[in-house]
Amino acid sequence: MDLSIFEIMKHAGMMGKLIMFILLIFSVISWSIVIMKFLMFRKARNASLDFLDAFWDSKTLNEAHEAAREFPLSPEATVFVTGYNELKKISAARSTGQTPATLEMQLATMDNLKRAVRKAQFLESDRLANSLAILATTGSATPFIGLFGTVWGIMASFQSIGERGSASLAVVAPGISEALVATAAGLAVAIPAVIFYNYFANKVAEFDSNVESFSTDFINLIERDILTRT
């Protein structure tokens with residue numbers, strides 16, 4: 001009897017084929033996310049490095065804003081553009097007399113800038129972490145789906161024993177083989193998903209830390225500028 005994986009699945013029951021099809025879908029989706037995230041993080045990292053070089057080389061915020069628009073994939077650039085736009089709104093309100101120009105009031109308006117920057121940070125973090133929940137679901141669910149296939153295959157083996165009245169290898173081997181293949185398939189899908197979920201979660205945390213550091217420097221730069229001009 002040929003007990004290759006393809007032959008086992010070819011002669012598997014409807015439930016066994018359904019379980020393997022579900023595991024295949026999980027595998028295709030999770031590997032698509034892994035490839036997409038690799039490309040996203042690589043582009044975001046390169047864009048961030050280029051933007052930070054341009055930002056610290058810029059002589060004015062307007063010049064830095066023009067540079068930031070060239071790096072839409074950089075989280076730091078996106079946060080800076082958001083903060084810059086909020087700063088322009090504050091400056092426009094102050095120039096029309098809507099906001100007093102005292103030092104205390106100018107520093108108080110910085111709260112608006114800080115809130116806008118913080119919101120942009122959260123949005124960028126969510127963007128980078130998007131779809132990671134699918135990897136987490138794959139890593140936690142597919143072993144149990146494979147286990148269900150294992151139980152079903154063993155049940156099929158006992159049913160064959162009852163129908164044929166024999167417990168020979170030829171009777172139980174197909175069901176046991178199907179059960180073991182389901183277990184192996186569930187683990188084969190789950191293990192890479194868990195590994196890459198942890199890897200990308202660490203990458204997101206690293207980006208969050210870098211963005212937080214840049215946001216602090218940006219806000220401090222604005223506050224120092226206000227104190228100097230005042």
# chains A, B, ... in the order shown; residues from 1 in each chain; ligands from 1

$ residues_around --residues "region 44-48 of chain A" --least-positions-apart "5" --cutoff "10 Å" --atoms "only C-alpha atoms" --output "list in words"
Phe38, Leu39, Asp53, Ala54, Ala68, Glu70, Phe71, Pro72, Leu73, Ser74, Pro75, Glu76, Ala77, Thr78, Leu128, Phe207, Asn210 and Val211 of chain A

$ residues_around --residues "region 195-198 of chain A" --least-positions-apart "3" --cutoff "7 Å" --atoms "only C-alpha atoms" --output "PyMOL selection string"
chain A and resi 34+132+135-136+191-192+201-202

$ closest_residue --among "A:Ser131, A:Thr138, A:Ser32, A:Thr183" --to "Gly153 (chain A)" --atoms "only C-alpha atoms"
A:Thr183

$ residues_around --residues "Ile22 (chain A)" --least-positions-apart "3" --cutoff "12 Å" --atoms "only C-alpha atoms" --output "VMD selection string"
chain A and resid 15 to 19 25 to 29 138 141 to 146 148 to 149 182 185 to 186 189
